[in-house]
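All remarks here apply to the structure that follows.
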Amino acid sequence: MVCGGFTCSKNSLCVLNLLYIMVSLLLIGIAAWGIGFGLISSLKVVGVAVAVGILLFLIALVGLIGAIKHHQVLLFFYMIILFVIFVVQFSVSCASLALNKEQQNQLLEVGWNHTETAQEDIEKNLNCCGFQTFNKNISCTADCFRTLSCLPCASIIEKHAEEVLRIVGGIGFFFSFTEILGVWLTYRYRNQKDPRANPSAFL
């Protein structure tokens, strides 16, 4: 059967959703691994990673069930949700790739100020204290604090920020196209008639 047929559309949609399920389980696994090795102790960071993983898993499960059963309602909601995710992810990816140095520094400072629970993890892992300046009067979990020879975290984070934003933006950009492919496959698959069904039945 040609790739434009019912079976090919169904199989392609199933494979795409199985890929999303694997990505979601990997995301949850990385969060659990981070806790196990003591890299992440912030419950908020872990909670966000697990929540995103569970959300992606549920969406992929809806798509997989809809594809297997050729369920019109499930496929419709899957298509709408996937399109919304595509728009958000595509926008965030483009913004990540377009940020200049000054905007990156502002973004890092805002992120630092709003992640008080994760600051200790960052200081400990990067061996730095404070964001813009090192204050000897404020306690810090980094090893360098014992000798009072710490560098501010901003100078260390900024070295890697551009590279991280490019990687995150590139990965997000790539996956956004898999999502629009999923929307297109779902739309086409919904409008195809199952050859095993009654030919006179309506979809």
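Chain labels run A, B, ... following the order of the structure tokens; each chain numbers its residues from 1, and ligands are numbered from 1 in the order shown.
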Counting only C-alpha atoms, what are the residues of stretch 136-160 of chain A within 10 Å of stretch 104-120 of chain A, and for each of them which pair of atoms is the nearest and at what distance in Å, to one decimal? Sort the table by chain and rising number, as a Markdown table.
```
| residue | atom | partner | partner_atom | distance |
| --- | --- | --- | --- | --- |
| A:Cys140 | CA | A:Glu120 | CA | 7.3 |
| A:Thr141 | CA | A:Glu120 | CA | 6.3 |
| A:Ala142 | CA | A:Glu120 | CA | 8.1 |
| A:Cys153 | CA | A:Gln119 | CA | 9.7 |
| A:Ala154 | CA | A:Leu108 | CA | 7.9 |
| A:Ser155 | CA | A:Asn105 | CA | 9.9 |
| A:Ile157 | CA | A:Leu108 | CA | 8.3 |
| A:Glu158 | CA | A:Asn105 | CA | 7.1 |
```
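Excluding stretch 3-20 of chain A itself and any same-chain residue fewer than 5 positions from it, the protein and nucleic acid residues within 7 Å of it, counting only C-alpha atoms, are A:Leu56, A:Phe57, A:Ala60, A:Gly63, A:Leu64, A:Ala67, A:Gly182, A:Leu185, A:Tyr189, A:Gln192, A:Asp194.
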Of the listed residues A:Tyr78, A:Val48, A:Leu151, A:Lys193, that which approaches A:Lys136 most closely, counting only C-alpha atoms | A:Leu151
Looking only at alpha helix (DSSP H) from DSSP on the backbone, list the matching residues of chain A as a ChimeraX atom specification.
-> /A:6-36,43-69,72-98,101-113,116-126,153-190
Between atom CA of A:Phe175 and atom CA of A:Trp33, distance in Å (one decimal) = 23.4 Å
Within 6 Å of A:Cys129 using only C-alpha atoms, minus same-chain residues under 6 positions, as a ChimeraX atom specification = /A:123,150,152-153
Near A:Cys94, within 9 Å and counting only C-alpha atoms, which residues show up once chain neighbours fewer than 6 positions away are dropped, as a PyMOL selection string?
-> chain A and resi 169-170+172-173
Would you kindly return, as an mmCIF file with all heavy atoms, in the first residue's frame, each protein, DNA or RNA residue with an atom no farther than 7 Å from any atom of stretch 71-76 of chain A, considering only C-alpha atoms and excluding same-chain residues fewer than 6 positions away?
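Saved result, part14.cif, follows:
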```
data_model
loop_
_atom_site.group_PDB
_atom_site.id
_atom_site.type_symbol
_atom_site.label_atom_id
_atom_site.label_comp_id
_atom_site.auth_asym_id
_atom_site.auth_seq_id
_atom_site.Cartn_x
_atom_site.Cartn_y
_atom_site.Cartn_z
ATOM 1 N N VAL A 62 -3.083 9.714 24.315
ATOM 2 C CA VAL A 62 -4.341 10.064 23.635
ATOM 3 C C VAL A 62 -4.181 9.884 22.126
ATOM 4 O O VAL A 62 -5.041 9.301 21.450
ATOM 5 C CB VAL A 62 -4.772 11.516 23.979
ATOM 6 C CG1 VAL A 62 -5.877 11.992 23.047
ATOM 7 C CG2 VAL A 62 -5.240 11.607 25.427
ATOM 8 N N GLY A 63 -3.059 10.377 21.589
ATOM 9 C CA GLY A 63 -2.794 10.245 20.158
ATOM 10 C C GLY A 63 -2.649 8.795 19.729
ATOM 11 O O GLY A 63 -3.142 8.399 18.668
ATOM 12 N N THR A 186 -2.454 13.593 11.585
ATOM 13 C CA THR A 186 -3.737 13.382 12.270
ATOM 14 C C THR A 186 -4.890 13.891 11.419
ATOM 15 O O THR A 186 -5.923 13.220 11.295
ATOM 16 C CB THR A 186 -3.745 14.094 13.641
ATOM 17 O OG1 THR A 186 -2.588 13.692 14.383
ATOM 18 C CG2 THR A 186 -4.983 13.754 14.440
ATOM 19 N N ARG A 190 -7.681 11.358 10.020
ATOM 20 C CA ARG A 190 -9.085 11.502 10.434
ATOM 21 C C ARG A 190 -10.031 11.457 9.236
ATOM 22 O O ARG A 190 -11.162 11.000 9.341
ATOM 23 C CB ARG A 190 -9.294 12.839 11.163
ATOM 24 C CG ARG A 190 -8.883 12.842 12.606
ATOM 25 C CD ARG A 190 -9.303 14.130 13.286
ATOM 26 N NE ARG A 190 -10.707 14.090 13.637
ATOM 27 C CZ ARG A 190 -11.619 14.978 13.239
ATOM 28 N NH1 ARG A 190 -11.275 15.980 12.463
ATOM 29 N NH2 ARG A 190 -12.868 14.869 13.624
#
```
How far is it from atom CA of A:Leu26 to atom CA of A:Gln89, in Å with one decimal?
-> 18.6 Å
So what do you get for atom CA of A:Leu82 versus atom CA of A:Ile180, distance-wise?
->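 Atom CA of A:Leu82 sits 7.6 Å away from atom CA of A:Ile180.
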